[in-house]
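Pasting upload-v6.tsv here (TSV, C-alpha atoms):
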```tsv
chain	number	residue	atom	x	y	z
A	1	MET	CA	96.56	110.20	92.99
A	2	LEU	CA	99.46	107.95	94.04
A	3	ARG	CA	97.83	105.05	92.16
A	4	ILE	CA	97.77	107.10	88.98
A	5	VAL	CA	101.38	108.28	89.28
A	6	LEU	CA	102.62	104.75	90.00
A	7	ALA	CA	100.59	103.34	87.09
A	8	LEU	CA	102.14	105.97	84.81
A	9	VAL	CA	105.64	105.06	86.04
A	10	ALA	CA	104.97	101.33	85.59
A	11	GLY	CA	103.57	101.88	82.10
A	12	SER	CA	106.53	104.06	81.14
A	13	LEU	CA	109.03	101.41	82.28
A	14	PHE	CA	107.05	98.69	80.52
A	15	GLY	CA	106.75	100.64	77.24
A	16	THR	CA	110.43	101.63	77.20
A	17	GLY	CA	111.44	98.06	77.98
A	18	LEU	CA	109.32	96.72	75.13
A	19	MET	CA	110.85	99.26	72.75
A	20	LEU	CA	114.46	98.60	73.82
A	21	SER	CA	114.19	94.82	74.05
A	22	GLY	CA	113.12	94.18	70.47
A	23	MET	CA	109.57	93.07	71.35
A	24	THR	CA	108.17	95.62	68.89
A	25	ASP	CA	110.39	94.29	66.09
A	26	THR	CA	108.17	91.76	64.32
A	27	THR	CA	111.13	89.99	62.68
A	28	LYS	CA	112.59	89.23	66.14
A	29	VAL	CA	109.29	87.95	67.51
A	30	GLN	CA	108.52	85.85	64.44
A	31	GLY	CA	112.19	84.77	64.41
A	32	TRP	CA	111.79	83.45	67.96
A	33	LEU	CA	108.74	81.39	66.92
A	34	ASP	CA	110.25	80.29	63.59
A	35	ILE	CA	112.17	77.33	65.00
A	36	PHE	CA	112.23	75.57	61.62
A	37	GLY	CA	113.63	78.66	59.89
A	38	SER	CA	116.34	81.11	60.99
A	39	TRP	CA	115.67	80.99	64.73
A	40	ASP	CA	116.32	84.13	66.79
A	41	PRO	CA	116.93	83.53	70.52
A	42	THR	CA	116.65	87.21	71.58
A	43	LEU	CA	113.24	86.76	73.21
A	44	ALA	CA	114.66	84.25	75.68
A	45	PHE	CA	116.92	87.03	77.04
A	46	VAL	CA	113.98	89.43	77.20
A	47	MET	CA	111.94	86.92	79.18
A	48	GLY	CA	114.90	86.14	81.43
A	49	GLY	CA	115.50	89.81	82.13
A	50	ALA	CA	111.83	90.39	82.90
A	51	LEU	CA	111.42	87.36	85.15
A	52	LEU	CA	114.27	88.35	87.52
A	53	PRO	CA	112.73	91.54	89.00
A	54	MET	CA	109.24	90.01	88.96
A	55	ALA	CA	110.27	86.82	90.76
A	56	LEU	CA	111.98	88.99	93.39
A	57	ALA	CA	108.88	91.19	93.66
A	58	TRP	CA	106.59	88.21	94.33
A	59	ARG	CA	108.90	87.16	97.19
A	60	LEU	CA	109.19	90.64	98.67
A	61	ILE	CA	105.45	91.33	98.90
A	62	GLU	CA	105.04	88.67	101.60
A	63	GLY	CA	103.70	90.29	104.74
A	64	ARG	CA	103.39	93.78	103.19
A	65	LYS	CA	100.66	95.99	101.77
A	66	PRO	CA	100.63	97.78	98.39
A	67	ALA	CA	102.09	101.31	98.64
A	68	ALA	CA	98.92	102.91	97.26
A	69	GLY	CA	96.53	100.88	99.43
A	70	GLY	CA	94.32	97.88	98.73
A	71	SER	CA	95.67	94.36	98.81
A	72	PHE	CA	97.93	92.14	96.77
A	73	PRO	CA	96.50	89.64	94.26
A	74	ALA	CA	95.12	86.38	95.65
A	75	PRO	CA	97.22	83.23	95.10
A	76	PRO	CA	96.96	82.12	91.46
A	77	GLN	CA	94.03	79.94	90.39
A	78	THR	CA	95.02	76.44	89.40
A	79	GLU	CA	92.09	75.41	87.19
A	80	LEU	CA	93.05	74.88	83.53
A	81	ASP	CA	89.78	75.57	81.77
A	82	ARG	CA	88.61	75.55	78.18
A	83	ARG	CA	88.82	79.33	77.88
A	84	LEU	CA	92.49	79.42	78.90
A	85	ILE	CA	93.49	76.83	76.32
A	86	ILE	CA	91.33	77.99	73.38
A	87	GLY	CA	92.11	81.64	74.07
A	88	SER	CA	95.85	80.95	74.17
A	89	VAL	CA	95.68	79.00	70.89
A	90	LEU	CA	93.93	81.95	69.19
A	91	PHE	CA	96.35	84.44	70.71
A	92	GLY	CA	99.40	82.43	69.70
A	93	ALA	CA	98.17	82.12	66.12
A	94	GLY	CA	97.68	85.89	65.87
A	95	TRP	CA	101.02	86.56	67.58
A	96	GLY	CA	102.81	84.34	65.06
A	97	LEU	CA	100.89	85.79	62.12
A	98	ALA	CA	101.81	89.44	62.75
A	99	GLY	CA	104.60	89.27	65.36
A	100	LEU	CA	102.81	91.64	67.73
A	101	CYS	CA	101.21	91.06	71.12
A	102	PRO	CA	99.13	93.58	73.16
A	103	GLY	CA	101.94	95.40	75.03
A	104	PRO	CA	104.21	95.99	72.03
A	105	ALA	CA	101.20	96.92	69.88
A	106	MET	CA	100.55	99.82	72.26
A	107	ALA	CA	104.22	100.70	72.86
A	108	SER	CA	104.99	100.97	69.14
A	109	LEU	CA	101.95	103.05	68.22
A	110	SER	CA	104.11	106.14	67.68
A	111	TYR	CA	106.60	104.46	65.34
A	112	ASN	CA	104.87	101.46	63.77
A	113	GLY	CA	103.06	103.31	60.97
A	114	TRP	CA	99.53	102.60	59.74
A	115	GLN	CA	100.31	98.90	60.01
A	116	GLY	CA	100.69	99.06	63.78
A	117	ALA	CA	97.63	101.29	64.14
A	118	LEU	CA	95.49	98.90	62.06
A	119	PHE	CA	96.65	95.91	64.12
A	120	LEU	CA	95.88	97.79	67.34
A	121	ALA	CA	92.41	98.78	66.12
A	122	ALA	CA	91.60	95.19	65.13
A	123	MET	CA	92.93	93.97	68.47
A	124	ALA	CA	90.68	96.44	70.32
A	125	CYS	CA	87.65	95.15	68.33
A	126	GLY	CA	88.61	91.59	69.25
A	127	MET	CA	88.83	92.56	72.91
A	128	VAL	CA	85.35	94.09	72.81
A	129	ALA	CA	83.91	91.00	71.11
A	130	ALA	CA	85.71	88.53	73.39
A	131	PRO	CA	83.28	88.40	76.37
A	132	ARG	CA	80.38	87.53	74.05
A	133	LEU	CA	82.41	84.86	72.26
A	134	SER	CA	83.54	83.40	75.59
A	135	ARG	CA	79.94	83.13	76.81
A	136	HIS	CA	78.94	81.49	73.53
A	137	LEU	CA	81.73	78.97	74.00
A	138	ASP	CA	80.59	78.24	77.57
A	139	ARG	CA	77.00	77.69	76.44
A	140	ARG	CA	78.04	75.26	73.73
A	141	ALA	CA	80.23	73.40	76.20
A	142	ALA	CA	77.32	73.20	78.66
A	143	LYS	CA	75.07	71.72	75.98
A	144	ALA	CA	77.58	69.13	74.83
B	145	MET	CA	123.29	91.91	65.68
B	146	GLU	CA	125.60	90.68	68.42
B	147	THR	CA	124.34	93.23	70.93
B	148	ASP	CA	120.70	92.16	70.45
B	149	TRP	CA	120.73	89.89	73.47
B	150	ILE	CA	122.16	92.63	75.72
B	151	GLN	CA	119.45	95.04	74.62
B	152	GLY	CA	116.91	92.26	74.96
B	153	PHE	CA	118.03	91.51	78.51
B	154	ALA	CA	118.18	95.19	79.52
B	155	GLY	CA	114.75	95.87	77.98
B	156	GLY	CA	113.44	92.76	79.70
B	157	MET	CA	114.68	94.09	83.06
B	158	LEU	CA	112.73	97.32	82.46
B	159	ILE	CA	109.61	95.28	81.64
B	160	GLY	CA	110.01	93.32	84.86
B	161	LEU	CA	110.70	96.50	86.81
B	162	GLY	CA	107.46	97.98	85.46
B	163	GLY	CA	105.63	94.87	86.65
B	164	ALA	CA	107.29	95.15	90.08
B	165	VAL	CA	106.26	98.82	90.42
B	166	TYR	CA	102.66	98.00	89.47
B	167	LEU	CA	102.59	95.12	91.96
B	168	PHE	CA	104.27	96.92	94.88
B	169	GLY	CA	102.50	100.20	94.23
B	170	ASN	CA	98.99	99.34	93.12
B	171	GLY	CA	98.81	95.70	94.18
B	172	ARG	CA	97.94	94.63	90.67
B	173	ILE	CA	99.27	92.20	88.08
B	174	MET	CA	100.72	94.03	85.11
B	175	GLY	CA	98.95	92.44	82.15
B	176	ALA	CA	98.73	94.55	78.99
B	177	SER	CA	95.66	92.78	77.60
B	178	GLY	CA	93.80	92.88	80.92
B	179	ILE	CA	94.50	96.56	81.53
B	180	LEU	CA	93.40	97.60	78.03
B	181	GLY	CA	90.62	95.03	77.65
B	182	GLY	CA	89.02	95.89	80.99
B	183	LEU	CA	88.86	99.49	79.86
B	184	LEU	CA	87.30	98.57	76.50
B	185	ASP	CA	84.64	96.11	77.66
B	186	GLY	CA	83.69	98.09	80.76
B	187	SER	CA	84.70	95.44	83.30
B	188	GLY	CA	87.47	97.71	84.64
B	189	ARG	CA	85.29	100.78	85.10
B	190	ASN	CA	86.22	101.19	88.77
B	191	SER	CA	89.92	101.41	88.00
B	192	ALA	CA	89.67	103.32	84.72
B	193	ALA	CA	91.98	106.16	85.80
B	194	GLU	CA	94.96	104.00	86.70
B	195	ARG	CA	94.43	101.87	83.58
B	196	LEU	CA	94.48	104.99	81.43
B	197	ALA	CA	97.59	106.28	83.21
B	198	PHE	CA	99.36	102.97	82.62
B	199	ILE	CA	98.44	102.95	78.92
B	200	ALA	CA	99.52	106.59	78.58
B	201	GLY	CA	102.94	105.61	79.92
B	202	VAL	CA	103.17	102.63	77.56
B	203	ILE	CA	102.34	104.74	74.50
B	204	PHE	CA	103.95	108.10	75.25
B	205	MET	CA	107.26	107.13	76.90
B	206	PRO	CA	108.42	105.28	73.74
B	207	LEU	CA	107.33	108.34	71.74
B	208	LEU	CA	109.49	110.54	73.97
B	209	VAL	CA	112.46	108.16	73.95
B	210	GLY	CA	112.07	107.83	70.19
B	211	LEU	CA	112.27	111.59	69.72
B	212	LEU	CA	115.47	111.74	71.79
B	213	ALA	CA	117.25	108.56	70.76
B	214	GLY	CA	115.53	107.33	67.60
B	215	THR	CA	113.07	104.48	67.12
B	216	PRO	CA	113.87	100.82	66.47
B	217	ALA	CA	112.97	99.10	63.21
B	218	THR	CA	109.59	97.34	63.19
B	219	TYR	CA	109.03	95.50	59.87
B	220	ALA	CA	105.30	94.93	60.44
B	221	SER	CA	103.41	93.30	57.57
B	222	SER	CA	101.77	95.67	55.08
B	223	ASN	CA	99.05	93.19	54.21
B	224	PRO	CA	95.79	94.52	55.72
B	225	ILE	CA	94.23	91.05	55.80
B	226	VAL	CA	97.15	89.71	57.84
B	227	LEU	CA	97.07	92.70	60.21
B	228	ILE	CA	93.30	92.63	60.77
B	229	SER	CA	93.02	88.87	61.26
B	230	ALA	CA	96.08	88.79	63.53
B	231	GLY	CA	94.73	91.72	65.57
B	232	LEU	CA	91.32	90.07	65.98
B	233	LEU	CA	92.92	86.76	67.02
B	234	VAL	CA	95.18	88.48	69.56
B	235	GLY	CA	92.32	90.59	70.95
B	236	VAL	CA	89.83	87.75	71.31
B	237	GLY	CA	92.42	85.19	72.42
B	238	THR	CA	94.08	87.22	75.15
B	239	ARG	CA	90.75	88.25	76.71
B	240	MET	CA	89.35	84.73	76.49
B	241	ALA	CA	92.51	83.32	78.11
B	242	ASN	CA	92.56	86.24	80.54
B	243	GLY	CA	96.17	87.17	79.81
B	244	CYS	CA	98.96	87.60	77.29
B	245	THR	CA	102.76	87.68	77.23
B	246	SER	CA	102.99	90.13	80.14
B	247	GLY	CA	100.25	88.82	82.45
B	248	HIS	CA	100.53	85.05	81.87
B	249	GLY	CA	104.13	85.17	80.67
B	250	VAL	CA	106.13	87.59	82.82
B	251	CYS	CA	103.86	87.89	85.88
B	252	GLY	CA	102.49	84.34	85.85
B	253	ILE	CA	105.69	82.36	85.29
B	254	SER	CA	107.57	84.46	87.87
B	255	ARG	CA	105.12	83.31	90.57
B	256	LEU	CA	105.05	79.76	89.18
B	257	SER	CA	101.35	80.00	88.31
B	258	LEU	CA	100.14	76.81	86.64
B	259	ARG	CA	97.72	78.78	84.45
B	260	GLY	CA	100.43	81.25	83.43
B	261	ILE	CA	102.93	78.53	82.57
B	262	THR	CA	100.31	76.52	80.67
B	263	ALA	CA	99.03	79.54	78.72
B	264	THR	CA	102.59	80.53	77.77
B	265	GLY	CA	103.36	77.02	76.57
B	266	VAL	CA	100.15	76.90	74.53
B	267	TYR	CA	100.46	80.31	72.86
B	268	MET	CA	104.12	79.74	72.05
B	269	LEU	CA	103.28	76.39	70.51
B	270	ALA	CA	100.44	77.94	68.51
B	271	GLY	CA	102.82	80.67	67.31
B	272	ILE	CA	105.48	78.11	66.36
B	273	LEU	CA	102.90	76.09	64.39
B	274	THR	CA	101.66	79.24	62.66
B	275	LEU	CA	105.19	80.13	61.52
B	276	ALA	CA	105.91	76.52	60.52
B	277	VAL	CA	102.81	76.26	58.34
B	278	LEU	CA	102.43	79.79	56.95
B	279	ARG	CA	106.14	80.56	56.48
B	280	GLN	CA	108.06	77.31	56.12
B	281	ILE	CA	105.44	75.23	54.30
B	282	LEU	CA	103.25	77.73	52.44
B	283	GLY	CA	105.70	80.66	52.25
B	284	MET	CA	102.88	83.13	52.88
B	285	ILE	CA	104.21	85.36	55.69
```
Produce structure tokens that represent the structure in this file.
Amino acid sequence: MLRIVLALVAGSLFGTGLMLSGMTDTTKVQGWLDIFGSWDPTLAFVMGGALLPMALAWRLIEGRKPAAGGSFPAPPQTELDRRLIIGSVLFGAGWGLAGLCPGPAMASLSYNGWQGALFLAAMACGMVAAPRLSRHLDRRAAKA
Amino acid sequence: METDWIQGFAGGMLIGLGGAVYLFGNGRIMGASGILGGLLDGSGRNSAAERLAFIAGVIFMPLLVGLLAGTPATYASSNPIVLISAGLLVGVGTRMANGCTSGHGVCGISRLSLRGITATGVYMLAGILTLAVLRQILGMI
């Protein structure tokens, strides 16, 4: 039960932060990426604001246990594989194209009209198809 | 607007606070694409309840705040082809790369993860190129 309450609290903070910060405003997101046009630096402040509590959190978990049981994540992997790079290229292209990424797409569902709902539905389809596409990619790489 | 950066910073702090709660409380990395994707493809079956609770918070708290304080402008494209292709790219890409702006970006960079920093550099570069070509050169978006 504690896990569920804490997940709800975390999601509520995350969603409200996305809404307040401008991450659901596609002109701000595309403005951040549009460095050859009218560049908008707002996202740098969003990232800065988000990194502070998280960097502190990573330091403070040393020698502790999660409040709701279990264990903390293992140290990060260091391997830069094909999936990471190709996946990030695809993601970045879609992010630039519509100005929405997964968190804001969910957070703005209640106020982003049919446009936001259509994007979210397509994103969900992509997520369902992704494991198959990843395996296909791995097979082709193994053959080459 | 001149206050955009203050709102951006304050909103960013809430995002980071959400990530800190999820880490301290549940011992998990707060990644939007991983939490939703694991639910959709079945790989997160064992933690479905907490994933659903997280997503409920992400969707319904902005709804509540919006009812009380009004919603921000969004300006999403009204071209279905743009929305569908962008959605598919974001869905496939984030699951293939195992993370998005929250998981690789916020949670990865803050622990100096090489994969997180690399992914963030690559998807930002891909986004910059997309805007450069489709907006500045072709004038399409």
Residues of chain A that have any atom at most 6 Å from an atom of chain B: could you tabulate them with the shortest-distance atom pair and the distance in Å to one decimal, using all atoms listed in the file, ordered by chain and increasing number, as a tab-separated table?
```
residue	atom	partner	partner_atom	distance
A:Arg3	CA	B:Asn170	CA	5.9
A:Ile4	CA	B:Glu194	CA	4.8
A:Ala7	CA	B:Phe198	CA	4.7
A:Leu8	CA	B:Phe198	CA	4.6
A:Ala10	CA	B:Gly162	CA	4.2
A:Gly11	CA	B:Gly201	CA	4.4
A:Ser12	CA	B:Gly201	CA	4.1
A:Leu13	CA	B:Gly162	CA	4.9
A:Phe14	CA	B:Ile159	CA	4.4
A:Gly15	CA	B:Val202	CA	4.1
A:Thr16	CA	B:Pro206	CA	5.4
A:Gly17	CA	B:Gly155	CA	4.0
A:Leu20	CA	B:Gly155	CA	5.0
A:Ser21	CA	B:Gly152	CA	3.8
A:Asp25	CA	B:Thr218	CA	4.3
A:Thr26	CA	B:Ala220	CA	5.8
A:Leu33	CA	B:Ile272	CA	4.7
A:Asp34	CA	B:Leu275	CA	5.5
A:Thr42	CA	B:Trp149	CA	5.2
A:Phe45	CA	B:Phe153	CA	4.8
A:Val46	CA	B:Gly156	CA	4.2
A:Gly49	CA	B:Gly156	CA	4.3
A:Ala50	CA	B:Gly160	CA	4.0
A:Leu51	CA	B:Ser254	CA	5.5
A:Pro53	CA	B:Gly160	CA	5.3
A:Met54	CA	B:Gly160	CA	5.3
A:Ala55	CA	B:Ser254	CA	4.6
A:Ala57	CA	B:Ala164	CA	5.6
A:Pro66	CA	B:Gly171	CA	5.0
A:Ala67	CA	B:Gly169	CA	4.6
A:Ala68	CA	B:Gly169	CA	5.4
A:Ser71	CA	B:Gly171	CA	5.8
A:Phe72	CA	B:Gly171	CA	4.5
A:Pro76	CA	B:Ser257	CA	5.8
A:Thr78	CA	B:Leu258	CA	5.8
A:Arg83	CA	B:Ala241	CA	5.4
A:Leu84	CA	B:Ala241	CA	4.0
A:Gly87	CA	B:Gly237	CA	3.9
A:Ser88	CA	B:Tyr267	CA	4.8
A:Val89	CA	B:Tyr267	CA	5.3
A:Leu90	CA	B:Gly237	CA	4.8
A:Phe91	CA	B:Gly237	CA	4.4
A:Gly92	CA	B:Tyr267	CA	4.0
A:Ala93	CA	B:Gly271	CA	5.0
A:Gly94	CA	B:Ala230	CA	4.1
A:Gly96	CA	B:Gly271	CA	4.3
A:Leu97	CA	B:Ala230	CA	5.8
A:Ala98	CA	B:Ala230	CA	5.8
A:Pro102	CA	B:Ser177	CA	5.7
A:Gly103	CA	B:Ala176	CA	5.2
A:Met106	CA	B:Ile203	CA	5.7
A:Ala107	CA	B:Ile203	CA	4.7
A:Ser110	CA	B:Leu207	CA	5.6
A:Phe119	CA	B:Gly231	CA	4.8
A:Ala122	CA	B:Gly231	CA	4.7
A:Met123	CA	B:Gly231	CA	4.1
A:Gly126	CA	B:Gly235	CA	4.2
A:Met127	CA	B:Gly235	CA	4.5
A:Val128	CA	B:Asp185	CA	5.3
A:Ala130	CA	B:Val236	CA	4.7
```
Query raised in the report: Any idea what the distance is between CA of Phe36 (chain A) and CA of Leu100 (chain A)?
Result: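 Between CA of Phe36 (chain A) and CA of Leu100 (chain A) the gap is 19.6 Å.
The coordinates place CA of Leu109 (chain A) at 10.7 Å from CA of Ala121 (chain A).
You will find CA of Gly37 (chain A) at 23.2 Å from CA of Pro104 (chain A).
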Enclose region 113-124 of chain A, meaning all of its atoms listed in the file, in a box aligned along x, y and z, pad it by 5 Å on each side, and list the centre and edge lengths in Å to one decimal, as lines of an AutoDock Vina configuration file.
```
center_x = 96.9
center_y = 98.6
center_z = 65.0
size_x = 22.4
size_y = 19.3
size_z = 20.6
```
Query raised in the report: What lies within 8 Å of Val29 (chain A) using only C-alpha atoms, ignoring chain neighbours under 5 positions off, as a list in words?
Result: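 Residues near the query, excluding close chain neighbours: Gly22, Met23, Thr24, Leu43, Gly96, Gly99 and Leu100 of chain A.
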